[in-house]
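Everything below belongs to protein-v6.txt, which stores compact mmCIF, C-alpha atoms.
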```txt
# COMPACT_ATOMS: atom_id res chain seq x y z
CA MET A 1 0.00 0.00 0.00
CA GLY A 2 1.39 3.38 -0.99
CA ARG A 3 1.57 6.49 1.11
CA LEU A 4 -1.60 7.98 -0.38
CA GLY A 5 -3.59 4.79 0.25
CA PHE A 6 -2.36 4.63 3.84
CA LEU A 7 -3.24 8.28 4.41
CA GLN A 8 -6.74 7.79 2.96
CA LEU A 9 -7.27 4.75 5.20
CA GLN A 10 -6.19 6.67 8.30
CA LEU A 11 -8.36 9.69 7.42
CA GLY A 12 -11.33 7.38 6.80
CA ARG A 13 -10.90 5.87 10.24
CA LEU A 14 -10.51 9.28 11.84
CA PHE A 15 -13.64 10.79 10.26
CA GLY A 16 -15.92 7.77 10.36
CA GLY A 17 -15.27 6.29 6.94
CA GLY A 18 -18.82 6.79 5.64
CA ARG A 19 -20.54 5.03 8.49
CA SER A 20 -24.26 5.47 8.92
CA GLY A 21 -25.57 7.82 11.60
CA GLY A 22 -25.92 6.50 15.11
CA GLY A 23 -23.78 3.50 14.37
CA ARG A 24 -20.78 2.23 16.23
CA SER A 25 -17.47 2.58 14.50
CA GLY A 26 -14.12 0.89 14.61
CA ASP A 27 -12.71 3.84 16.54
CA GLY A 28 -15.22 3.45 19.40
CA GLY A 29 -17.17 6.60 18.54
CA ILE A 30 -20.86 6.99 17.89
CA TYR A 31 -21.63 8.91 14.70
CA ILE A 32 -24.79 11.02 14.54
CA ARG A 33 -26.16 12.59 11.37
CA VAL A 34 -28.87 15.24 11.26
CA LYS A 35 -30.53 17.17 8.45
CA CYS A 36 -30.99 20.93 8.89
CA ASN A 37 -34.66 21.96 8.70
CA ALA A 38 -33.76 25.30 7.10
CA CYS A 39 -31.43 24.33 4.24
CA GLY A 40 -31.43 20.52 4.11
CA GLU A 41 -27.69 20.12 4.72
CA ILE A 42 -26.62 16.86 6.38
CA VAL A 43 -24.32 17.51 9.36
CA GLN A 44 -22.40 14.73 11.09
CA THR A 45 -20.81 14.65 14.52
CA ARG A 46 -18.96 12.09 16.61
CA VAL A 47 -19.70 11.28 20.23
CA ASN A 48 -16.84 9.83 22.25
CA PRO A 49 -18.56 7.66 24.87
CA THR A 50 -15.52 7.51 27.14
CA SER A 51 -15.16 11.28 27.49
CA GLU A 52 -18.34 13.05 26.36
CA LEU A 53 -21.14 11.18 28.14
CA SER A 54 -22.21 12.74 31.44
CA LEU A 55 -24.07 11.02 34.26
CA SER A 56 -27.66 12.27 34.46
CA ASP A 57 -28.83 14.22 37.53
CA GLU A 58 -30.91 11.25 38.66
CA GLY A 59 -27.89 8.98 38.45
CA GLN A 60 -29.77 6.71 36.04
CA GLY A 61 -28.09 6.72 32.65
CA TYR A 62 -25.98 9.14 30.67
CA PHE A 63 -26.53 12.02 28.27
CA VAL A 64 -24.72 14.27 25.83
CA ARG A 65 -25.85 17.55 24.28
CA LYS A 66 -24.28 18.99 21.16
CA VAL A 67 -25.01 22.05 19.07
CA LEU A 68 -24.15 21.48 15.42
CA VAL A 69 -23.70 24.13 12.74
CA GLY A 70 -23.40 23.32 9.05
CA ARG A 71 -21.55 25.18 6.33
CA GLN A 72 -24.54 26.39 4.33
CA CYS A 73 -26.88 28.41 6.55
CA PHE A 74 -25.10 28.44 9.95
CA ARG A 75 -28.31 27.78 11.90
CA PRO A 76 -27.75 25.82 15.12
CA ILE A 77 -29.10 22.28 15.43
CA GLU A 78 -29.38 21.06 19.03
CA VAL A 79 -29.00 17.33 19.62
CA GLU A 80 -29.54 15.68 23.00
CA LEU A 81 -28.92 11.96 23.34
CA ARG A 82 -29.68 9.79 26.36
CA TYR A 83 -28.07 6.42 27.00
CA ALA A 84 -28.88 3.67 29.49
CA ASP A 85 -25.22 2.85 30.04
CA LEU A 86 -21.71 3.47 28.78
CA GLY A 87 -22.27 0.53 26.47
CA ARG A 88 -24.10 3.01 24.24
CA THR A 89 -27.64 1.67 24.56
CA GLU A 90 -29.56 4.70 23.28
CA ILE A 91 -32.76 5.55 25.17
CA SER A 92 -33.84 8.76 23.45
CA ARG A 93 -32.82 11.35 20.89
CA ASP A 94 -34.11 14.92 20.77
CA VAL A 95 -33.22 17.10 17.76
CA LYS A 96 -34.23 20.79 17.56
CA GLY A 97 -33.72 22.64 14.29
CA GLY A 98 -33.25 19.44 12.32
CA THR A 99 -34.21 15.80 11.92
CA SER A 100 -32.22 12.68 12.61
CA VAL A 101 -30.86 10.84 9.56
CA GLU A 102 -30.15 7.13 9.89
```
Entire entry expressed as C-alpha cells:
Amino acid sequence: MGRLGFLQLQLGRLFGGGRSGGGRSGDGGIYIRVKCNACGEIVQTRVNPTSELSLSDEGQGYFVRKVLVGRQCFRPIEVELRYADLGRTEISRDVKGGTSVE
C-alpha cells in the first residue's frame, strides 16, 4: 500500500469512513447525522462515549448535548442523546432545528 492509500485509510478511520448515523465505529465513537430543517444540509458529529457522556442528575443513565452548525446556513441544530449505560444503549434522541438521519 502506498503512502496515499495509507493516508486515505487513516483519514477514513478518523472521520468515520462513511458510516451510517448513530452507528458504532471501529474507533469506538458513535456517529450522529442530522438534516438541517432550514437548508437541508446533512451535518455529522462524533460522540466519544468515554469522554463526552455525562451522568444524568438522577444517576440513572448518561446524556450528551451537542449544538451542530453546518456550512450552508449556519443555523444551530441542538442534539440531546440519552443512553442507558456506557455501552451506548440509546434511550432517546431529541433534535431541535433538524431531523435525525439514519
Inset, instruction - Give me, please, the distance in Å between atom CA of A:Lys35 and atom CA of A:Gly98, quoted to one decimal. - result: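 A separation of 5.2 Å between them.
For the atom pair formed by atom CA of A:Gly26 and atom CA of A:Val67, the distance is 24.2 Å, given to one decimal.
Taking atom CA of A:Gly97 and atom CA of A:Ala38 as endpoints, the distance between them is 7.7 Å.
Candidate residues A:Leu86, A:Ile91, A:Ile32, A:Val43 were compared for distance to A:Cys73, and the nearest is A:Val43, using only C-alpha atoms.
Ranking A:Ala84, A:Val101, A:Cys36, A:Val64 by their shortest atom-to-atom distance to A:Ser51, with only C-alpha atoms included, puts A:Val64 first.
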Inset, instruction - Would you mind listing what lies within 9 Å of A:Gly70 as a PyMOL selection string, with all atoms listed in the file counted and same-chain residues fewer than 5 positions away left out? - result: chain A and resi 36+41-44+75-77
Inset, instruction - Kindly indicate which residue among A:Cys39, A:Thr45, A:Ile30, A:Glu58 lies nearest to A:Thr89, using only C-alpha atoms for the distances. - result: A:Ile30
Legend entry - Polymer residues at most 9 Å from A:Asp85, only C-alpha atoms, same-chain spacing of 2 or more positions, as a PyMOL selection string: chain A and resi 60-62+83+87-90
Inset, instruction - Give the answer as one residue: which of A:Asn48, A:Ser92, A:Ser54, A:Thr99 has the shortest atom-to-atom distance to A:Glu80, using only C-alpha atoms? - result: A:Ser92
Env of A:Gly28: 10 Å cut, atoms = only C-alpha atoms, seq-sep filter 6 positions within chain, self excluded. Answer as a PDB file with C-alpha atoms, keeping the file's coordinate frame.
```pdb
ATOM      1  CA  ARG A  46     -18.960  12.090  16.610  1.00  0.00           C
ATOM      2  CA  VAL A  47     -19.700  11.280  20.230  1.00  0.00           C
ATOM      3  CA  ASN A  48     -16.840   9.830  22.250  1.00  0.00           C
ATOM      4  CA  PRO A  49     -18.560   7.660  24.870  1.00  0.00           C
ATOM      5  CA  THR A  50     -15.520   7.510  27.140  1.00  0.00           C
TER       6      THR A  50
END
```
I'd like the box whose edges run along x, y and z of the file and which contains every listed atom of stretch 70-76 of chain A, padded by 3 Å per side; could you state its centre and edge lengths in Å, one decimal, as lines of an AutoDock Vina configuration file?
```
center_x = -24.9
center_y = 25.9
center_z = 9.7
size_x = 12.8
size_y = 11.1
size_z = 16.8
```
Inset, instruction - Counting all atoms listed in the file, figure out which residue out of A:Asp27, A:Val34, A:Glu102, A:Ser56 gets nearest to A:Val79. - result: A:Val34
Inset, instruction - Go through A:Leu55, A:Val95, A:Asn37, A:Gly29 and flag the residue nearest A:Gln72, using all atoms listed in the file for the distances. - result: A:Asn37
